[in-house]
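First comes the structure, then the notes that go with it.
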Amino acid sequence: MLKKDQTYISELKHHVGKEVTVKGWLYNSRSSGKIHFLQVRDGTGIVQAVGVKNELPEPIFELAGKLTQESSIIVKGIVREDKRASSGFELTLTDVKLLQLVADYPISHQSTHGPAFLMDNRHLWLRSKKQHATLRVRAEIVKAIRDYFDSNGYVLMDAPILTPAACEGTTNLFEVGYFDEKAYLSQSGQLYGEVGAMAFGKVYVFGPTFRAEKSKTRKHLTEFWMVEPEIAYADLDDVMNVAEEFITFIVHRVLENRKEELKTLERNTAPLEKINAPFPRISYDEAVELIKKAGLPFEYGNDFGAPDEEAISKNFDKPVMVHRYPLAIKAFYMKQDPEHLDKALCVDVLAPEGIGEIIGGGQRADDLEYLEKKIAEHGLPRKAFEWYLDLRKYGTVPHGGFGLGVERAVSWICGSEHVRETIPFARMLNRLYP
RNA sequence: UCCCUGGUAGCUCAAUUGGUAGAGCGACUGGCUGUUAACCAGUAGGUUCCAGGUUCGAGCCCUGGCCGGGGAGCCA
């Protein structure tokens, strides 16, 4: 427990009429000569402390007047309801203690800053309102993810980050030295999740994921977080049922608990209010029709590009689930559709509002011979996958799951311009600092 | 890897045809008893990304390099 000589700004409403101590930093200040307005933040919120010259001891009034942005301060004041305050409450300042007077804080509220400058100062940028709100929404989403799976019988199973080989082979991996051999940073925990499903029935893997692709877009990070449920005895329909229920749960939770933050972010919540299961389900073939109807050039059999995804999702005001892509463009572990042999039992969930894919998943190949053949076809080293093949040798069952990209989900729900704002410290093609 | 675009004050940007490098914001000083991106007045602040070249003269033109930003492909 913390000592009680501190009141958090979020709790001020319970202390009206009383003197409280707020420990924090100066967010901004204004003055009219004989009256100072100090906007103090403490991480839970921002409150304005008002100091009047002839109501305060001279040294305290003077100190209040010379405080600079982000100076660390402890202020005392009497909580007052005030319609003029945006939060509804203000402090009548009674005392200020200065811990450090800051000179030349780089980020100002009044001037504009470019993304490169702000990302260089990410460690300070996080103190500003919108970044603060975005990361609180992220924290809420992460909690919702855990709550959903924890309360629905899934066991959390962490997958290793250092792995012996590619999970999917095709994408670029970060290579690291591992004593006398090479290891790779995980690009997906899914294969290990399948191990978990065979051991526990329902599991979810939740952790960081790494892709060494040289992507430079608003949707890409080289290090991002992914949650990957995996379910034994599940078919493609089960996977889609879980995906839509799961997304609905997350969106509702944020709408319930993070109203203030969404308001700070100026997020129009109307589109989010519409998110309710069931979601529309269309096949790859039907999606191709939508692309052609939109007049885009598209060669049947290819994967969808960003403009294609937008053309598809524009037809719906909920996330749309596109299933049964051509087998040829999907990963080796996808199960072949027995009714359409050229298709895979897979699903991508495309978020509305132009966000694109937030979930990819499906039913897994469960036949040993088929999987052996696929590993060979994809040119993957069989030796690295022996343990994975064992799952098909010793009690194979139909099973499936999906992966949700946390940052893309946060980006969608917050209405962020770029995923780099949805993670505290983004790692990108040209960004390894701070 | 490819396409587009940029690098000038702490930040965001301007600078006509190649002719003395400017504004807003921030900082600093002073003023103001209700400010909400406060306002008003003043002050300081420059290796124009780097190297070379053309020119009487280069922020501007040429060559090479470095570093960003946006997008594509691939993916979540």
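Residue names in the structure tokens use chain letters A, B, ... in the order shown, residue numbers from 1 in each chain, and ligand numbers from 1 in the order shown.
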With a cut-off of 7 Å and counting only C-alpha atoms (C1' of nucleotides), select all residues of chain A in contact with chain B and give the selection as a PDB file with all heavy atoms, in the first residue's frame.
```pdb
ATOM      1  N   ARG A  30      -0.435  29.126 -16.977  1.00  0.00           N
ATOM      2  CA  ARG A  30      -0.760  30.458 -17.501  1.00  0.00           C
ATOM      3  C   ARG A  30      -0.799  31.386 -16.315  1.00  0.00           C
ATOM      4  O   ARG A  30      -0.931  30.954 -15.174  1.00  0.00           O
ATOM      5  CB  ARG A  30      -2.119  30.445 -18.202  1.00  0.00           C
ATOM      6  CG  ARG A  30      -2.142  29.538 -19.401  1.00  0.00           C
ATOM      7  CD  ARG A  30      -3.511  29.478 -20.032  1.00  0.00           C
ATOM      8  NE  ARG A  30      -3.571  28.315 -20.899  1.00  0.00           N
ATOM      9  CZ  ARG A  30      -3.920  27.104 -20.488  1.00  0.00           C
ATOM     10  NH1 ARG A  30      -4.300  26.913 -19.222  1.00  0.00           N
ATOM     11  NH2 ARG A  30      -3.927  26.089 -21.300  1.00  0.00           N
ATOM     12  N   SER A  31      -0.690  32.663 -16.614  1.00  0.00           N
ATOM     13  CA  SER A  31      -0.701  33.604 -15.503  1.00  0.00           C
ATOM     14  C   SER A  31      -1.257  34.936 -15.956  1.00  0.00           C
ATOM     15  O   SER A  31      -1.100  35.326 -17.106  1.00  0.00           O
ATOM     16  CB  SER A  31       0.723  33.811 -14.989  1.00  0.00           C
ATOM     17  OG  SER A  31       0.717  34.830 -14.012  1.00  0.00           O
ATOM     18  N   SER A  32      -1.941  35.616 -15.040  1.00  0.00           N
ATOM     19  CA  SER A  32      -2.392  36.976 -15.330  1.00  0.00           C
ATOM     20  C   SER A  32      -1.746  37.952 -14.376  1.00  0.00           C
ATOM     21  O   SER A  32      -2.338  38.958 -14.012  1.00  0.00           O
ATOM     22  CB  SER A  32      -3.914  37.055 -15.215  1.00  0.00           C
ATOM     23  OG  SER A  32      -4.515  36.171 -16.112  1.00  0.00           O
ATOM     24  N   GLY A  33      -0.567  37.630 -13.947  1.00  0.00           N
ATOM     25  CA  GLY A  33       0.157  38.542 -13.074  1.00  0.00           C
ATOM     26  C   GLY A  33      -0.099  38.300 -11.597  1.00  0.00           C
ATOM     27  O   GLY A  33       0.807  37.944 -10.873  1.00  0.00           O
ATOM     28  N   LYS A  34      -1.352  38.465 -11.187  1.00  0.00           N
ATOM     29  CA  LYS A  34      -1.652  38.262  -9.773  1.00  0.00           C
ATOM     30  C   LYS A  34      -2.438  36.973  -9.545  1.00  0.00           C
ATOM     31  O   LYS A  34      -2.905  36.707  -8.439  1.00  0.00           O
ATOM     32  CB  LYS A  34      -2.429  39.470  -9.225  1.00  0.00           C
ATOM     33  CG  LYS A  34      -1.602  40.761  -9.273  1.00  0.00           C
ATOM     34  CD  LYS A  34      -2.132  41.795  -8.302  1.00  0.00           C
ATOM     35  CE  LYS A  34      -1.242  43.027  -8.253  1.00  0.00           C
ATOM     36  NZ  LYS A  34      -1.453  43.938  -9.436  1.00  0.00           N
ATOM     37  N   ILE A  35      -2.588  36.191 -10.600  1.00  0.00           N
ATOM     38  CA  ILE A  35      -3.250  34.882 -10.448  1.00  0.00           C
ATOM     39  C   ILE A  35      -2.561  33.886 -11.390  1.00  0.00           C
ATOM     40  O   ILE A  35      -2.389  34.154 -12.569  1.00  0.00           O
ATOM     41  CB  ILE A  35      -4.779  35.012 -10.717  1.00  0.00           C
ATOM     42  CG1 ILE A  35      -5.473  33.655 -10.606  1.00  0.00           C
ATOM     43  CG2 ILE A  35      -5.071  35.644 -12.059  1.00  0.00           C
ATOM     44  CD1 ILE A  35      -6.990  33.763 -10.512  1.00  0.00           C
ATOM     45  N   PHE A  37      -2.319  29.995 -13.007  1.00  0.00           N
ATOM     46  CA  PHE A  37      -3.066  28.759 -13.282  1.00  0.00           C
ATOM     47  C   PHE A  37      -2.057  27.666 -13.581  1.00  0.00           C
ATOM     48  O   PHE A  37      -1.365  27.717 -14.594  1.00  0.00           O
ATOM     49  CB  PHE A  37      -3.990  28.940 -14.479  1.00  0.00           C
ATOM     50  CG  PHE A  37      -4.974  30.068 -14.308  1.00  0.00           C
ATOM     51  CD1 PHE A  37      -4.688  31.340 -14.794  1.00  0.00           C
ATOM     52  CD2 PHE A  37      -6.162  29.870 -13.636  1.00  0.00           C
ATOM     53  CE1 PHE A  37      -5.582  32.372 -14.630  1.00  0.00           C
ATOM     54  CE2 PHE A  37      -7.070  30.907 -13.472  1.00  0.00           C
ATOM     55  CZ  PHE A  37      -6.787  32.166 -13.958  1.00  0.00           C
ATOM     56  N   ASP A 104      14.003  24.009 -20.753  1.00  0.00           N
ATOM     57  CA  ASP A 104      13.958  23.619 -22.165  1.00  0.00           C
ATOM     58  C   ASP A 104      13.358  22.240 -22.417  1.00  0.00           C
ATOM     59  O   ASP A 104      13.971  21.404 -23.071  1.00  0.00           O
ATOM     60  CB  ASP A 104      15.372  23.674 -22.780  1.00  0.00           C
ATOM     61  CG  ASP A 104      15.994  25.038 -22.641  1.00  0.00           C
ATOM     62  OD1 ASP A 104      15.241  26.017 -22.760  1.00  0.00           O
ATOM     63  OD2 ASP A 104      17.207  25.118 -22.396  1.00  0.00           O
ATOM     64  N   PRO A 106      11.587  19.673 -24.434  1.00  0.00           N
ATOM     65  CA  PRO A 106      11.570  19.725 -25.906  1.00  0.00           C
ATOM     66  C   PRO A 106      10.183  19.788 -26.550  1.00  0.00           C
ATOM     67  O   PRO A 106      10.046  20.335 -27.635  1.00  0.00           O
ATOM     68  CB  PRO A 106      12.268  18.425 -26.326  1.00  0.00           C
ATOM     69  CG  PRO A 106      12.795  17.802 -25.085  1.00  0.00           C
ATOM     70  CD  PRO A 106      12.105  18.416 -23.913  1.00  0.00           C
ATOM     71  N   SER A 108       6.450  21.048 -26.866  1.00  0.00           N
ATOM     72  CA  SER A 108       5.560  22.096 -26.367  1.00  0.00           C
ATOM     73  C   SER A 108       4.143  21.847 -26.853  1.00  0.00           C
ATOM     74  O   SER A 108       3.915  21.179 -27.855  1.00  0.00           O
ATOM     75  CB  SER A 108       6.046  23.461 -26.817  1.00  0.00           C
ATOM     76  OG  SER A 108       5.762  23.645 -28.177  1.00  0.00           O
ATOM     77  N   HIS A 109       3.170  22.381 -26.115  1.00  0.00           N
ATOM     78  CA  HIS A 109       1.771  22.170 -26.483  1.00  0.00           C
ATOM     79  C   HIS A 109       1.371  23.054 -27.650  1.00  0.00           C
ATOM     80  O   HIS A 109       0.474  22.725 -28.403  1.00  0.00           O
ATOM     81  CB  HIS A 109       0.862  22.474 -25.291  1.00  0.00           C
ATOM     82  CG  HIS A 109       1.190  21.671 -24.077  1.00  0.00           C
ATOM     83  ND1 HIS A 109       1.092  20.302 -24.053  1.00  0.00           N
ATOM     84  CD2 HIS A 109       1.648  22.023 -22.863  1.00  0.00           C
ATOM     85  CE1 HIS A 109       1.454  19.853 -22.862  1.00  0.00           C
ATOM     86  NE2 HIS A 109       1.799  20.874 -22.116  1.00  0.00           N
ATOM     87  N   GLN A 110       2.018  24.204 -27.745  1.00  0.00           N
ATOM     88  CA  GLN A 110       1.566  25.185 -28.730  1.00  0.00           C
ATOM     89  C   GLN A 110       2.158  24.986 -30.111  1.00  0.00           C
ATOM     90  O   GLN A 110       1.494  25.220 -31.105  1.00  0.00           O
ATOM     91  CB  GLN A 110       1.879  26.611 -28.254  1.00  0.00           C
ATOM     92  CG  GLN A 110       0.979  27.092 -27.130  1.00  0.00           C
ATOM     93  CD  GLN A 110       1.490  26.660 -25.763  1.00  0.00           C
ATOM     94  OE1 GLN A 110       2.391  25.843 -25.669  1.00  0.00           O
ATOM     95  NE2 GLN A 110       0.902  27.200 -24.706  1.00  0.00           N
ATOM     96  N   SER A 111       3.424  24.578 -30.179  1.00  0.00           N
ATOM     97  CA  SER A 111       3.989  24.443 -31.520  1.00  0.00           C
ATOM     98  C   SER A 111       3.778  23.022 -32.030  1.00  0.00           C
ATOM     99  O   SER A 111       3.547  22.093 -31.269  1.00  0.00           O
ATOM    100  CB  SER A 111       5.472  24.802 -31.516  1.00  0.00           C
ATOM    101  OG  SER A 111       6.161  24.114 -30.534  1.00  0.00           O
ATOM    102  N   THR A 112       3.859  22.890 -33.324  1.00  0.00           N
ATOM    103  CA  THR A 112       3.629  21.594 -33.938  1.00  0.00           C
ATOM    104  C   THR A 112       4.949  20.841 -34.063  1.00  0.00           C
ATOM    105  O   THR A 112       6.011  21.440 -34.191  1.00  0.00           O
ATOM    106  CB  THR A 112       3.018  21.776 -35.334  1.00  0.00           C
ATOM    107  OG1 THR A 112       3.748  22.793 -36.006  1.00  0.00           O
ATOM    108  CG2 THR A 112       1.569  22.165 -35.249  1.00  0.00           C
ATOM    109  N   HIS A 113       4.853  19.540 -33.993  1.00  0.00           N
ATOM    110  CA  HIS A 113       6.037  18.701 -34.118  1.00  0.00           C
ATOM    111  C   HIS A 113       5.783  17.626 -35.165  1.00  0.00           C
ATOM    112  O   HIS A 113       4.668  17.153 -35.306  1.00  0.00           O
ATOM    113  CB  HIS A 113       6.360  18.035 -32.783  1.00  0.00           C
ATOM    114  CG  HIS A 113       6.657  19.002 -31.672  1.00  0.00           C
ATOM    115  ND1 HIS A 113       7.808  19.747 -31.638  1.00  0.00           N
ATOM    116  CD2 HIS A 113       5.958  19.358 -30.580  1.00  0.00           C
ATOM    117  CE1 HIS A 113       7.801  20.513 -30.561  1.00  0.00           C
ATOM    118  NE2 HIS A 113       6.695  20.304 -29.897  1.00  0.00           N
ATOM    119  N   THR A 217       5.135   0.946 -43.587  1.00  0.00           N
ATOM    120  CA  THR A 217       3.765   1.427 -43.715  1.00  0.00           C
ATOM    121  C   THR A 217       3.203   1.713 -42.336  1.00  0.00           C
ATOM    122  O   THR A 217       3.796   1.371 -41.334  1.00  0.00           O
ATOM    123  CB  THR A 217       2.841   0.394 -44.397  1.00  0.00           C
ATOM    124  OG1 THR A 217       2.444  -0.563 -43.407  1.00  0.00           O
ATOM    125  CG2 THR A 217       3.532  -0.317 -45.528  1.00  0.00           C
ATOM    126  N   GLU A 357      -6.432  -6.213 -42.319  1.00  0.00           N
ATOM    127  CA  GLU A 357      -6.423  -7.470 -41.579  1.00  0.00           C
ATOM    128  C   GLU A 357      -5.995  -7.290 -40.129  1.00  0.00           C
ATOM    129  O   GLU A 357      -4.931  -6.737 -39.846  1.00  0.00           O
ATOM    130  CB  GLU A 357      -5.467  -8.442 -42.285  1.00  0.00           C
ATOM    131  CG  GLU A 357      -5.442  -9.813 -41.674  1.00  0.00           C
ATOM    132  CD  GLU A 357      -4.487 -10.750 -42.399  1.00  0.00           C
ATOM    133  OE1 GLU A 357      -3.954 -10.376 -43.457  1.00  0.00           O
ATOM    134  OE2 GLU A 357      -4.281 -11.862 -41.875  1.00  0.00           O
ATOM    135  N   ILE A 358      -6.830  -7.758 -39.208  1.00  0.00           N
ATOM    136  CA  ILE A 358      -6.418  -7.765 -37.809  1.00  0.00           C
ATOM    137  C   ILE A 358      -6.282  -9.188 -37.266  1.00  0.00           C
ATOM    138  O   ILE A 358      -5.624  -9.406 -36.270  1.00  0.00           O
ATOM    139  CB  ILE A 358      -7.371  -6.956 -36.890  1.00  0.00           C
ATOM    140  CG1 ILE A 358      -8.812  -7.428 -37.016  1.00  0.00           C
ATOM    141  CG2 ILE A 358      -7.260  -5.464 -37.182  1.00  0.00           C
ATOM    142  CD1 ILE A 358      -9.721  -6.833 -35.952  1.00  0.00           C
ATOM    143  N   ILE A 359      -6.913 -10.135 -37.954  1.00  0.00           N
ATOM    144  CA  ILE A 359      -6.830 -11.528 -37.524  1.00  0.00           C
ATOM    145  C   ILE A 359      -6.558 -12.407 -38.739  1.00  0.00           C
ATOM    146  O   ILE A 359      -7.093 -12.177 -39.821  1.00  0.00           O
ATOM    147  CB  ILE A 359      -8.151 -11.975 -36.838  1.00  0.00           C
ATOM    148  CG1 ILE A 359      -8.143 -11.561 -35.361  1.00  0.00           C
ATOM    149  CG2 ILE A 359      -8.380 -13.477 -36.974  1.00  0.00           C
ATOM    150  CD1 ILE A 359      -9.377 -11.993 -34.598  1.00  0.00           C
ATOM    151  N   LEU A 404      -4.366 -12.555 -33.327  1.00  0.00           N
ATOM    152  CA  LEU A 404      -4.808 -11.164 -33.413  1.00  0.00           C
ATOM    153  C   LEU A 404      -3.605 -10.264 -33.181  1.00  0.00           C
ATOM    154  O   LEU A 404      -2.890 -10.411 -32.186  1.00  0.00           O
ATOM    155  CB  LEU A 404      -5.869 -10.855 -32.344  1.00  0.00           C
ATOM    156  CG  LEU A 404      -6.205  -9.358 -32.189  1.00  0.00           C
ATOM    157  CD1 LEU A 404      -7.258  -8.932 -33.180  1.00  0.00           C
ATOM    158  CD2 LEU A 404      -6.639  -9.020 -30.779  1.00  0.00           C
ATOM    159  N   GLY A 405      -3.390  -9.327 -34.092  1.00  0.00           N
ATOM    160  CA  GLY A 405      -2.326  -8.341 -33.918  1.00  0.00           C
ATOM    161  C   GLY A 405      -2.815  -7.250 -32.986  1.00  0.00           C
ATOM    162  O   GLY A 405      -3.755  -6.524 -33.305  1.00  0.00           O
TER     163      GLY A 405
END
```
Which parts of segment 269-416 of chain A does DSSP call alpha helix (DSSP H) when run on the backbone here, written out as a VMD selection string? chain A and resid 270 to 273 284 to 293 306 to 313 368 to 377 386 to 393 406 to 414
Show which residues sit within 8 Å of segment 56-66 of chain B, as a PyMOL selection string. Count only C-alpha atoms (C1' of nucleotides), and ignore same-chain residues fewer than 5 positions away.
chain B and resi 8+18-19+48-51
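If you look at atom CA of Leu162 of chain A and atom CA of Arg427 of chain A, they are 17.8 Å away from each other.
Each of A:Asp150, A:Asp348, A:Glu90, A:Glu339 was compared to Gln39 of chain A using only C-alpha atoms, and A:Glu90 turns out to be the nearest.
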Once DSSP has gone over the backbone, tell me which residues of segment 93-262 of chain A are in strand (DSSP E), as a count of residues only. 40
Hey, what's within 8 Å of segment 208-213 of chain A if we count only C-alpha atoms (C1' of nucleotides) and toss same-chain stuff fewer than 6 positions away? As a list in words, please? Ile161, Thr171, Asn172, Leu173, Phe174, Leu185, Ser186, Gln187, Ser188, Gly189, Leu221, Thr222, Glu223, Phe224, Trp225 and Met226 of chain A; C74 of chain B
Exercise. Would you mind listing what lies within 12 Å of A23 of chain B as a PyMOL selection string, with only C-alpha atoms (C1' of nucleotides) counted and same-chain residues fewer than 2 positions away left out?
Key: chain B and resi 9+12-15+21+25
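Here atom CA of Leu255 of chain A stands at a distance of 14.5 Å from atom CA of Ser411 of chain A.
The nearest approach to Phe249 of chain A among the residues A:Ala144, A:Leu101, A:Val397, A:Ala85, with only C-alpha atoms taken into account, belongs to A:Ala144.
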